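Following: one structure in structure tokens, then a few remarks.
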Amino acid sequence: MIGFTLKGIVRDRSRSLLPVIIVSIGAMLTVAGTGWIKGIFGDIIAMNAKYSTGHVKILTAAYAENESQAPNDLALTDISSLLSSLKKDFTGVEWVPRIHFGGLIDIPDSSGVTKYQGNVVGRGVDLFSAGSRENERMNIAPSIVEGKLPENGKEILISHDFAKRFNLKPGDKVTFFGSSMNGGMVFSELTLCGTIKFGSQILDRGGIICDVSDAQQMLDMEDASSEILGYFKDDIYSEERADSLRSTFNSVYFDPGDEFSPKMLKLSEQNDLDEYLAYADRMGTIIALIFIFTLSVVLWNTGLLGGLRRYNEYGIRLALGEEKKHIYFMMLYEALIVGIIGSVVGSAAGLSFSYWLQETGLDFGDSFGNITMMMPQVFRARVVPEMFYIGFIPGVVAMLIGTAIAGIGIFKRDTARLFTELEV
Amino acid sequence: MNKDTIIRLERIVKNFPVGTGYFTALNNITLKFEKGEFAGLVGPSGSGKTTLLNIIGSLDTPTEGKASIMDKSLIGLSHKESAQLRSKHIGFIFQTYNLLPVYTVYENVEFTLLLQKVPLSERRKAVMEALEWVGLTDKVNSKPSMLSGGESQRVAIARSMVKKPEVVLADEPTANLDSVNSHHILQTMKKLNEELKVTFIFATHDEKVMQYLSRIISLADGKIVGDTINPNHGSNAQ
Ligand SMILES: Nc1ncnc2c1ncn2[C@@H]1O[C@H](COP(=O)(O)OP(=O)(O)OP(=O)(O)O)[C@@H](O)[C@H]1O
Ligand SMILES: [Mg+2]
């Protein structure tokens with residue numbers, strides 16, 4: 001009987017082609033949608049890791065409390081010895097210090113009198129040490145619009161928008177005013193070596209970038225930094241690795257009684273990224289549910305049409321003594337096969353599309369100019385293992401639900417009318 | 001009680017609801033069929049022939065009266081019971097052949113055996129035998145669309161006969177056939193009737209069919225108006 005059903009599906013393309021196409025489209029959209037969402041959230045998380053959270057981050061417990069205010073009076077101290085023991089104890093991880101700071105940039109006119117002043121947020125990043133991957137990680141060099149990377153002390157990059165607003169050019173001198181680690185007022189003469197635009201408002205808003213050693217000097221932060229970020233050397237964030245790293249580190253270094261003792265946070269504990277991760281999963285489920293629902297409705301109608309077209313066939317089978325329940329189960333069986341075929345085709349298409357989107361990316365350029373979230377400009381899908389089966393859920397389930405509803409009609413069929421119906 | 005009585009109908013009434021009242025399609029029908037009969041229901045259109053075949057074939061139930069086939073009552077059967085009865089014991093032949101278009105001749109004939117889960121080798125034997133009876137062994141792999149009307153009806157006969165049923169019910173089986181093909185399939189059915197002792201009941205108003213019938217039951221307005229043995233049956237057959 002199963003062979004009988006299979007032959008029907010293979011030979012009568014009108015009973016399989018339309019549902020296969022519908023199911024494939026649904027499975028494809030589900031798979032591609034999942035890849036798209038995974039890509040976006042994966043990129044958001046990767047971006048956060050690169051610019052903000054690291055895969056893990058070490059800071060003092062007190063600094064962590066007020067992180068958004070960049071309270072450098074609570075910064076990590078004695079970092080050279082901390083860094084060298086980190087390098088020794090946790091070899092699979094690259095450790096980099098960064099300094100966040102705020103202040104004022106003073107732009108003098110030709111006679112040295114203040115012409116403009118502007119608020120800036122600054123980052124001290126390790127650009128100078130040999131082997132540092134910070135430049136590459138933060139995509140600094142390719143984001144330079146005019147000028148070049150800092151090569152000597154007291155050279156800074158400044159946000160291109162900021163530079164345009166105050167008519168600054170590479171080579172111009174500016175004065176930075178800020179507060180030292182100990183609360184005193186500090187100022188330094190700096191040279192603008194280039195302008196930079198990351199394409200994300202949160203990174204571009206009045207930002208300056210300098211080498212971490214310059215920031216230490218400017219802010220009197222000798223051997224101190226706001227934070228030390230850890231990056232797994234294979235660049236792949238793993239929740240389990242971050243977890244075990246954090247508990248090992250905290251058990252050794254963190255003293256709950258000392259708010260200046262270093263404390264490690266993992267990526268997902270920061271910037272609400274755990275919520276993003278959960279959200280990404282929920283979105284995947286919602287997409288699947290939406291497709292199950294819409295596809296079911298469409299396939300129910302397709303099933304009704306198929307039922308009309310095959311009205312005679314079912315009538316003959318009833319007359320020949322096939323039970324209604326048996327016909328119904330054979331319809332579901334047929335739906336299962338069609339659902340599987342459609343899901344295979346659709347998943348393959350969805351995976352190919354996602355793979356293409358993963359490798360090529362879709363560049364939205366400046367169209368997201370006003371978004372304040374740290375978000376990438378180039379959208380890339382991400383092929384994840386669940387995409388190999390997720391298309392089958394709407395594909396097969398919807399096909400079964402659609403057929404199950406459409407097929408109910410068989411139970412209402414009156415055998416008493418079969419002769420009359422079959423005579424036309 | 002005649003041991004060879006295969007179908008008993010007693011005071012069968014069939015009413016169809018029409019508007020606020022009902023229409024009586026069969027009115028007090030009492031009939032018996034013996035094993036191996038080659039009988040026909042004849043009468044004008046609307047006289048109730050098909051309605052009666054429906055009741056005998058367990059496709060419909062009478063409003064009143066008793067009906068049984070092989071001493072099994074046809075009244076109050078569940079859908080499952082009547083389906084099983086049809087699949088095992090009753091063959092149907094329709095005016096419009098009603099073969100399943102996507103399946104080959106072989107597969108069409110095989111279908112009821114699949115329903116009964118007959119093992120492959122037995123199935124093969126039975127299908128080939130049935131196709132031999134109707135002379136279509138050379139068409140096993142043809143699709144219904146490639147067959148002539150006469151050939152299609154012969155496949156339908158093979159399909160109804162393959163399970164060796166007790167009764168074959170044929171509603172106007174020649175209505176779509178020319179004279180030559182009509183005689184051909186009637187001869188085939190008559191031969192099967194004689195060789196296998198299968199009871200055939202026709203509903204027809206075709207004179208050609210009547211020539212072959214050994215018993216002619218005349219219906220008019222849902223009542224039996226004649227029930228005669230046809231002494232000359234088969235004599236005019238070509
Ligand atoms: N389901 C039904 N509902 C209402 N009336 C019906 C129904 N089935 C049959 N009838 C009526 O019952 C009467 C007998 O119908 P039936 O089909 O048995 O006639 P018939 O002798 O087979 O006619 P024909 O030679 O045209 O096939 C007809 O008047 C028909 O209209
Ligand atoms: Mg009729």
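Within each chain, counting starts at residue 1; across the structure tokens, chains are named A, B, ... in the order shown, with ligands numbered 1 upward in that order.
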
Quick one: residues within 6 Å of range 289-296 of chain A, only C-alpha atoms counted, chain neighbours fewer than 4 positions away excluded, as a PyMOL selection string?
-> chain A and resi 300+394+398+401-402

Within 7 Å of ligand 2, which residues show up when you count only C-alpha atoms and all ligand atoms? List them as a list of chain:residue names, please.
->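 Answer in the requested format: B:Ser45, B:Lys49, B:Thr50, B:Asp171, B:Ala203.
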
Go ahead and write the selection's residues with N, CA, C and O atoms as a PDB file, in the first residue's frame.
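The resulting file, out08.pdb, is reproduced below:
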```pdb
ATOM      1  N   SER B  45     -35.817   4.973 -16.299  1.00  0.00           N
ATOM      2  CA  SER B  45     -34.968   5.825 -15.483  1.00  0.00           C
ATOM      3  C   SER B  45     -35.749   6.320 -14.268  1.00  0.00           C
ATOM      4  O   SER B  45     -36.898   6.706 -14.375  1.00  0.00           O
ATOM      5  N   LYS B  49     -33.403   1.286  -9.710  1.00  0.00           N
ATOM      6  CA  LYS B  49     -32.427   0.219  -9.941  1.00  0.00           C
ATOM      7  C   LYS B  49     -31.131   0.470  -9.170  1.00  0.00           C
ATOM      8  O   LYS B  49     -30.632  -0.404  -8.439  1.00  0.00           O
ATOM      9  N   THR B  50     -30.590   1.657  -9.360  1.00  0.00           N
ATOM     10  CA  THR B  50     -29.322   1.963  -8.697  1.00  0.00           C
ATOM     11  C   THR B  50     -29.491   1.983  -7.183  1.00  0.00           C
ATOM     12  O   THR B  50     -28.625   1.491  -6.439  1.00  0.00           O
ATOM     13  N   ASP B 171     -23.697  -1.659 -12.705  1.00  0.00           N
ATOM     14  CA  ASP B 171     -24.696  -0.635 -13.026  1.00  0.00           C
ATOM     15  C   ASP B 171     -24.446  -0.120 -14.439  1.00  0.00           C
ATOM     16  O   ASP B 171     -23.453   0.562 -14.682  1.00  0.00           O
ATOM     17  N   ALA B 203     -27.954  -3.622 -13.323  1.00  0.00           N
ATOM     18  CA  ALA B 203     -29.029  -2.638 -13.442  1.00  0.00           C
ATOM     19  C   ALA B 203     -28.879  -2.100 -14.850  1.00  0.00           C
ATOM     20  O   ALA B 203     -27.801  -1.652 -15.228  1.00  0.00           O
TER      21      ALA B 203
END
```

Selection as number ranges by chain: residues within 9 Å of ligand 1 by only C-alpha atoms and all ligand atoms = A: 416-417, 419-420, 423; B: 14-18, 22-26, 41-54, 171-172, 203-205, 219-222

When you look at Val212 in chain A with a cut-off of 12 Å (counting only C-alpha atoms), what residues show up, excluding the ones that are within fewer than 3 positions of it in the same chain? I need them as a CSV table (one decimal) with C-alpha atoms, in the first residue's frame.
```csv
chain,number,residue,atom,x,y,z
A,96,VAL,CA,44.8,43.2,26.1
A,97,PRO,CA,44.5,46.2,28.3
A,98,ARG,CA,42.1,49.1,27.3
A,99,ILE,CA,41.4,52.4,28.8
A,100,HIS,CA,38.1,54.3,28.5
A,101,PHE,CA,38.1,57.9,29.3
A,122,GLY,CA,38.4,58.2,24.3
A,123,ARG,CA,39.8,54.7,24.0
A,124,GLY,CA,43.3,53.8,24.8
A,125,VAL,CA,44.0,50.7,22.7
A,126,ASP,CA,47.3,48.7,22.4
A,127,LEU,CA,48.4,49.8,18.9
A,128,PHE,CA,52.1,50.0,19.5
A,129,SER,CA,53.2,46.7,21.0
A,132,SER,CA,49.0,43.2,19.2
A,134,GLU,CA,43.9,45.2,18.5
A,150,PRO,CA,49.2,56.7,15.3
A,152,ASN,CA,54.4,57.9,17.8
A,153,GLY,CA,53.3,59.1,21.2
A,154,LYS,CA,50.7,61.9,21.5
A,155,GLU,CA,49.2,61.0,18.2
A,156,ILE,CA,45.4,60.4,18.1
A,208,ILE,CA,39.2,59.6,20.0
A,209,ILE,CA,41.6,56.6,19.8
A,215,ALA,CA,46.2,57.2,27.7
A,216,GLN,CA,48.2,56.0,30.7
A,217,GLN,CA,50.4,59.0,30.5
A,218,MET,CA,47.7,61.5,29.8
A,219,LEU,CA,45.6,60.3,32.7
A,220,ASP,CA,48.4,59.5,35.2
A,221,MET,CA,47.5,55.8,35.0
A,222,GLU,CA,50.9,54.4,35.3
A,223,ASP,CA,50.7,50.6,35.0
A,224,ALA,CA,46.9,50.8,35.2
A,225,SER,CA,44.0,50.2,32.8
A,226,SER,CA,40.2,50.4,32.9
A,227,GLU,CA,40.0,46.8,31.9
A,228,ILE,CA,41.8,43.8,30.5
```

Hey, what's within 12 Å of Phe202 in chain B if we count only C-alpha atoms and toss same-chain stuff fewer than 6 positions away? As a ChimeraX atom specification, please?
-> /B:37-43,49-50,52-54,56-57,91-95,167-175,186,189-190,209-210,212-218

I need the chosen residues saved as a PDB file, in the first residue's frame, with C-alpha atoms.
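To be explicit, this is the file written out as part.pdb:
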```pdb
ATOM      1  CA  GLU B  37     -27.553 -16.144 -10.776  1.00  0.00           C
ATOM      2  CA  PHE B  38     -27.056 -13.837 -13.757  1.00  0.00           C
ATOM      3  CA  ALA B  39     -29.902 -11.458 -13.007  1.00  0.00           C
ATOM      4  CA  GLY B  40     -30.835  -7.949 -13.986  1.00  0.00           C
ATOM      5  CA  LEU B  41     -32.892  -5.087 -12.645  1.00  0.00           C
ATOM      6  CA  VAL B  42     -34.601  -3.360 -15.557  1.00  0.00           C
ATOM      7  CA  GLY B  43     -36.968  -0.481 -15.737  1.00  0.00           C
ATOM      8  CA  LYS B  49     -32.427   0.219  -9.941  1.00  0.00           C
ATOM      9  CA  THR B  50     -29.322   1.963  -8.697  1.00  0.00           C
ATOM     10  CA  LEU B  52     -31.434  -1.165  -4.924  1.00  0.00           C
ATOM     11  CA  LEU B  53     -27.884  -2.007  -6.041  1.00  0.00           C
ATOM     12  CA  ASN B  54     -26.605   0.474  -3.444  1.00  0.00           C
ATOM     13  CA  ILE B  56     -27.252  -4.823  -1.871  1.00  0.00           C
ATOM     14  CA  GLY B  57     -23.682  -3.458  -2.163  1.00  0.00           C
ATOM     15  CA  GLY B  91     -17.358  -6.511  -6.816  1.00  0.00           C
ATOM     16  CA  PHE B  92     -18.523  -3.348  -8.543  1.00  0.00           C
ATOM     17  CA  ILE B  93     -18.633  -2.512 -12.222  1.00  0.00           C
ATOM     18  CA  PHE B  94     -19.587   1.010 -13.211  1.00  0.00           C
ATOM     19  CA  GLN B  95     -20.930   2.539 -16.370  1.00  0.00           C
ATOM     20  CA  VAL B 167     -21.502 -11.070  -5.905  1.00  0.00           C
ATOM     21  CA  VAL B 168     -20.700  -8.631  -8.686  1.00  0.00           C
ATOM     22  CA  LEU B 169     -22.943  -5.594  -9.038  1.00  0.00           C
ATOM     23  CA  ALA B 170     -22.868  -3.903 -12.434  1.00  0.00           C
ATOM     24  CA  ASP B 171     -24.696  -0.635 -13.026  1.00  0.00           C
ATOM     25  CA  GLU B 172     -25.235  -0.029 -16.753  1.00  0.00           C
ATOM     26  CA  PRO B 173     -21.889  -1.631 -17.670  1.00  0.00           C
ATOM     27  CA  THR B 174     -22.524  -1.342 -21.415  1.00  0.00           C
ATOM     28  CA  ALA B 175     -23.930   2.164 -21.548  1.00  0.00           C
ATOM     29  CA  LEU B 186     -21.196  -9.656 -21.539  1.00  0.00           C
ATOM     30  CA  MET B 189     -19.029 -11.949 -17.563  1.00  0.00           C
ATOM     31  CA  LYS B 190     -21.334 -14.806 -18.498  1.00  0.00           C
ATOM     32  CA  VAL B 209     -27.704  -6.971 -21.647  1.00  0.00           C
ATOM     33  CA  MET B 210     -31.180  -8.428 -21.259  1.00  0.00           C
ATOM     34  CA  TYR B 212     -27.825 -12.533 -21.576  1.00  0.00           C
ATOM     35  CA  LEU B 213     -29.784 -12.353 -18.338  1.00  0.00           C
ATOM     36  CA  SER B 214     -31.236 -15.584 -16.988  1.00  0.00           C
ATOM     37  CA  ARG B 215     -33.608 -13.621 -14.767  1.00  0.00           C
ATOM     38  CA  ILE B 216     -35.161 -10.233 -15.373  1.00  0.00           C
ATOM     39  CA  ILE B 217     -36.634  -8.247 -12.501  1.00  0.00           C
ATOM     40  CA  SER B 218     -38.681  -5.293 -13.684  1.00  0.00           C
TER      41      SER B 218
END
```

Expected answer as a CSV table (one decimal) with N, CA and C atoms, in the first residue's frame: strand (DSSP E) residues in range 153-190 of chain B:
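And here is the file that came out, out.csv:
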```
chain,number,residue,atom,x,y,z
B,167,VAL,N,-20.5,-11.8,-5.1
B,167,VAL,CA,-21.5,-11.1,-5.9
B,167,VAL,C,-20.8,-10.0,-6.7
B,168,VAL,N,-21.2,-9.8,-7.9
B,168,VAL,CA,-20.7,-8.6,-8.7
B,168,VAL,C,-21.9,-7.8,-9.1
B,169,LEU,N,-21.9,-6.5,-8.7
B,169,LEU,CA,-22.9,-5.6,-9.0
B,169,LEU,C,-22.5,-4.7,-10.2
B,170,ALA,N,-23.3,-4.7,-11.3
B,170,ALA,CA,-22.9,-3.9,-12.4
B,170,ALA,C,-24.0,-2.9,-12.8
B,171,ASP,N,-23.7,-1.7,-12.7
B,171,ASP,CA,-24.7,-0.6,-13.0
B,171,ASP,C,-24.4,-0.1,-14.4
```

Select from range 27-220 of chain B everything DSSP, run on the backbone, classes as helix (DSSP H, G or I), then give the selection as a ChimeraX atom specification.
-> /B:49-56,79-89,105-115,120-133,137-139,144-146,149-161,179-196,207-212

Determine which residues of chain A sit within 12 Å of chain B, taking into account only C-alpha atoms, and present them as a PyMOL selection string.
-> chain A and resi 1-15+310-327+330+411-424

Can you pull out every residue within 9 Å of Met28 in chain A, counting only C-alpha atoms, but drop anything in the same chain fewer than 2 positions away, and send it as a PyMOL selection string?
-> chain A and resi 23-26+30-33+343+345-351+353+391

Write a file of the selected residues as an mmCIF file, in the first residue's frame, keeping all heavy atoms.
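Writing the result to part.cif gives the following:
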```cif
data_model
loop_
_atom_site.group_PDB
_atom_site.id
_atom_site.type_symbol
_atom_site.label_atom_id
_atom_site.label_comp_id
_atom_site.auth_asym_id
_atom_site.auth_seq_id
_atom_site.Cartn_x
_atom_site.Cartn_y
_atom_site.Cartn_z
ATOM 1 N N VAL A 23 5.834 23.785 0.241
ATOM 2 C CA VAL A 23 6.625 23.351 1.395
ATOM 3 C C VAL A 23 8.081 23.806 1.249
ATOM 4 O O VAL A 23 8.687 24.297 2.202
ATOM 5 C CB VAL A 23 6.542 21.814 1.575
ATOM 6 C CG1 VAL A 23 7.571 21.330 2.575
ATOM 7 C CG2 VAL A 23 5.152 21.413 2.036
ATOM 8 N N SER A 24 8.628 23.678 0.031
ATOM 9 C CA SER A 24 10.024 24.096 -0.165
ATOM 10 C C SER A 24 10.185 25.570 0.142
ATOM 11 O O SER A 24 11.154 25.966 0.790
ATOM 12 C CB SER A 24 10.499 23.915 -1.610
ATOM 13 O OG SER A 24 10.048 22.741 -2.131
ATOM 14 N N ILE A 25 9.239 26.373 -0.360
ATOM 15 C CA ILE A 25 9.360 27.811 -0.109
ATOM 16 C C ILE A 25 9.344 28.076 1.384
ATOM 17 O O ILE A 25 10.181 28.808 1.911
ATOM 18 C CB ILE A 25 8.228 28.582 -0.824
ATOM 19 C CG1 ILE A 25 8.438 28.503 -2.337
ATOM 20 C CG2 ILE A 25 8.188 30.040 -0.369
ATOM 21 C CD1 ILE A 25 7.291 29.074 -3.149
ATOM 22 N N GLY A 26 8.405 27.427 2.075
ATOM 23 C CA GLY A 26 8.317 27.623 3.518
ATOM 24 C C GLY A 26 9.579 27.184 4.234
ATOM 25 O O GLY A 26 10.113 27.898 5.088
ATOM 26 N N THR A 30 12.230 29.569 6.201
ATOM 27 C CA THR A 30 12.543 29.303 7.611
ATOM 28 C C THR A 30 14.050 29.164 7.806
ATOM 29 O O THR A 30 14.622 29.758 8.715
ATOM 30 C CB THR A 30 11.846 28.006 8.069
ATOM 31 O OG1 THR A 30 10.464 28.115 7.769
ATOM 32 C CG2 THR A 30 12.019 27.790 9.559
ATOM 33 N N VAL A 31 14.657 28.381 6.934
ATOM 34 C CA VAL A 31 16.095 28.152 7.064
ATOM 35 C C VAL A 31 16.864 29.454 6.832
ATOM 36 O O VAL A 31 17.727 29.838 7.629
ATOM 37 C CB VAL A 31 16.561 27.053 6.083
ATOM 38 C CG1 VAL A 31 18.074 26.981 6.022
ATOM 39 C CG2 VAL A 31 15.985 25.708 6.499
ATOM 40 N N ALA A 32 16.503 30.162 5.745
ATOM 41 C CA ALA A 32 17.220 31.392 5.439
ATOM 42 C C ALA A 32 16.963 32.430 6.531
ATOM 43 O O ALA A 32 17.878 33.149 6.937
ATOM 44 C CB ALA A 32 16.792 31.932 4.075
ATOM 45 N N GLY A 33 15.719 32.495 7.016
ATOM 46 C CA GLY A 33 15.382 33.431 8.084
ATOM 47 C C GLY A 33 16.188 33.150 9.340
ATOM 48 O O GLY A 33 16.696 34.067 9.985
ATOM 49 N N SER A 343 10.756 19.675 2.191
ATOM 50 C CA SER A 343 11.659 20.210 3.203
ATOM 51 C C SER A 343 13.116 20.019 2.801
ATOM 52 O O SER A 343 13.947 20.892 3.045
ATOM 53 C CB SER A 343 11.420 19.522 4.551
ATOM 54 O OG SER A 343 10.101 19.730 4.971
ATOM 55 N N VAL A 345 14.263 19.851 -0.307
ATOM 56 C CA VAL A 345 14.539 20.823 -1.369
ATOM 57 C C VAL A 345 14.673 22.232 -0.781
ATOM 58 O O VAL A 345 15.642 22.948 -1.043
ATOM 59 C CB VAL A 345 13.409 20.787 -2.424
ATOM 60 C CG1 VAL A 345 13.592 21.895 -3.454
ATOM 61 C CG2 VAL A 345 13.362 19.429 -3.107
ATOM 62 N N GLY A 346 13.689 22.603 0.056
ATOM 63 C CA GLY A 346 13.685 23.947 0.629
ATOM 64 C C GLY A 346 14.872 24.195 1.542
ATOM 65 O O GLY A 346 15.480 25.261 1.501
ATOM 66 N N SER A 347 15.222 23.195 2.356
ATOM 67 C CA SER A 347 16.352 23.372 3.268
ATOM 68 C C SER A 347 17.642 23.535 2.481
ATOM 69 O O SER A 347 18.490 24.358 2.827
ATOM 70 C CB SER A 347 16.483 22.172 4.218
ATOM 71 O OG SER A 347 15.354 22.092 5.048
ATOM 72 N N ALA A 348 17.775 22.756 1.405
ATOM 73 C CA ALA A 348 18.976 22.873 0.579
ATOM 74 C C ALA A 348 19.066 24.282 0.005
ATOM 75 O O ALA A 348 20.126 24.920 0.051
ATOM 76 C CB ALA A 348 18.965 21.836 -0.535
ATOM 77 N N ALA A 349 17.933 24.784 -0.495
ATOM 78 C CA ALA A 349 17.932 26.133 -1.064
ATOM 79 C C ALA A 349 18.238 27.164 0.023
ATOM 80 O O ALA A 349 19.060 28.064 -0.177
ATOM 81 C CB ALA A 349 16.588 26.430 -1.717
ATOM 82 N N GLY A 350 17.584 27.019 1.167
ATOM 83 C CA GLY A 350 17.791 27.967 2.260
ATOM 84 C C GLY A 350 19.223 27.953 2.766
ATOM 85 O O GLY A 350 19.813 28.999 3.039
ATOM 86 N N LEU A 351 19.797 26.749 2.839
ATOM 87 C CA LEU A 351 21.182 26.638 3.292
ATOM 88 C C LEU A 351 22.135 27.266 2.287
ATOM 89 O O LEU A 351 23.073 27.969 2.671
ATOM 90 C CB LEU A 351 21.554 25.166 3.519
ATOM 91 C CG LEU A 351 21.091 24.557 4.847
ATOM 92 C CD1 LEU A 351 21.197 23.041 4.808
ATOM 93 C CD2 LEU A 351 21.909 25.102 6.009
ATOM 94 N N PHE A 353 21.458 29.654 0.183
ATOM 95 C CA PHE A 353 21.309 31.110 0.263
ATOM 96 C C PHE A 353 22.043 31.654 1.492
ATOM 97 O O PHE A 353 22.782 32.631 1.403
ATOM 98 C CB PHE A 353 19.827 31.481 0.316
ATOM 99 C CG PHE A 353 19.579 32.946 0.446
ATOM 100 C CD1 PHE A 353 19.824 33.804 -0.616
ATOM 101 C CD2 PHE A 353 19.119 33.479 1.642
ATOM 102 C CE1 PHE A 353 19.609 35.167 -0.492
ATOM 103 C CE2 PHE A 353 18.898 34.840 1.785
ATOM 104 C CZ PHE A 353 19.146 35.689 0.714
ATOM 105 N N GLY A 391 14.041 23.530 8.947
ATOM 106 C CA GLY A 391 13.082 23.662 7.852
ATOM 107 C C GLY A 391 12.077 22.525 7.808
ATOM 108 O O GLY A 391 10.976 22.676 7.278
#
```

Residues at most 8 Å from Ile185 in chain B, counting only C-alpha atoms, excluding those fewer than 3 positions away in the same chain, as a short mmCIF file (atom, residue, chain, number, x, y, z; two decimals) with all heavy atoms, in the first residue's frame?
```cif
data_model
loop_
_atom_site.label_atom_id
_atom_site.label_comp_id
_atom_site.auth_asym_id
_atom_site.auth_seq_id
_atom_site.Cartn_x
_atom_site.Cartn_y
_atom_site.Cartn_z
N GLY B 150 -13.84 -0.62 -24.35
CA GLY B 150 -14.06 -2.04 -24.10
C GLY B 150 -12.97 -2.63 -23.23
O GLY B 150 -13.25 -3.37 -22.28
N GLN B 153 -13.36 -1.46 -19.64
CA GLN B 153 -14.40 -2.17 -18.89
C GLN B 153 -13.94 -3.60 -18.57
O GLN B 153 -14.30 -4.13 -17.53
CB GLN B 153 -15.71 -2.15 -19.69
CG GLN B 153 -16.95 -2.47 -18.88
CD GLN B 153 -17.19 -1.51 -17.71
OE1 GLN B 153 -16.34 -1.35 -16.85
NE2 GLN B 153 -18.36 -0.88 -17.68
N ARG B 154 -13.12 -4.17 -19.43
CA ARG B 154 -12.60 -5.51 -19.11
C ARG B 154 -11.63 -5.45 -17.93
O ARG B 154 -11.62 -6.36 -17.09
CB ARG B 154 -11.94 -6.14 -20.35
CG ARG B 154 -12.99 -6.81 -21.25
CD ARG B 154 -12.64 -6.72 -22.71
NE ARG B 154 -11.46 -7.50 -23.04
CZ ARG B 154 -10.74 -7.34 -24.15
NH1 ARG B 154 -11.12 -6.42 -25.04
NH2 ARG B 154 -9.71 -8.08 -24.39
N ASN B 181 -18.29 -4.34 -28.45
CA ASN B 181 -17.67 -4.39 -27.13
C ASN B 181 -18.65 -4.81 -26.05
O ASN B 181 -18.29 -5.52 -25.11
CB ASN B 181 -17.05 -3.04 -26.78
CG ASN B 181 -15.65 -2.91 -27.37
OD1 ASN B 181 -14.80 -3.76 -27.13
ND2 ASN B 181 -15.45 -1.89 -28.19
N SER B 182 -19.91 -4.37 -26.19
CA SER B 182 -20.93 -4.76 -25.22
C SER B 182 -21.06 -6.27 -25.18
O SER B 182 -21.05 -6.89 -24.11
CB SER B 182 -22.29 -4.15 -25.58
OG SER B 182 -22.21 -2.75 -25.50
N THR B 188 -17.83 -12.28 -21.60
CA THR B 188 -16.81 -12.50 -20.57
C THR B 188 -17.46 -12.70 -19.21
O THR B 188 -17.11 -13.64 -18.46
CB THR B 188 -15.86 -11.28 -20.52
OG1 THR B 188 -15.34 -11.06 -21.82
CG2 THR B 188 -14.72 -11.52 -19.53
N MET B 189 -18.39 -11.85 -18.88
CA MET B 189 -19.03 -11.95 -17.56
C MET B 189 -19.84 -13.24 -17.45
O MET B 189 -19.84 -13.90 -16.41
CB MET B 189 -19.90 -10.72 -17.31
CG MET B 189 -19.05 -9.48 -17.04
SD MET B 189 -19.99 -8.08 -16.40
CE MET B 189 -20.60 -7.39 -17.91
#
```

Non-local contacts of Tyr51 in chain A (9 Å; only C-alpha atoms; under 6 positions in same chain excluded) as a PyMOL selection string | chain A and resi 137-138+203

Mind dumping the selected residues with C-alpha atoms as an mmCIF file, in the first residue's frame?
```cif
data_model
loop_
_atom_site.group_PDB
_atom_site.id
_atom_site.type_symbol
_atom_site.label_atom_id
_atom_site.label_comp_id
_atom_site.auth_asym_id
_atom_site.auth_seq_id
_atom_site.Cartn_x
_atom_site.Cartn_y
_atom_site.Cartn_z
ATOM 1 C CA ARG A 137 40.276 43.341 15.822
ATOM 2 C CA MET A 138 38.724 46.783 15.947
ATOM 3 C CA LEU A 203 31.520 54.189 18.110
#
```

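Here CA of Ile341 in chain A stands at a distance of 25.6 Å from CA of Met283 in chain A.
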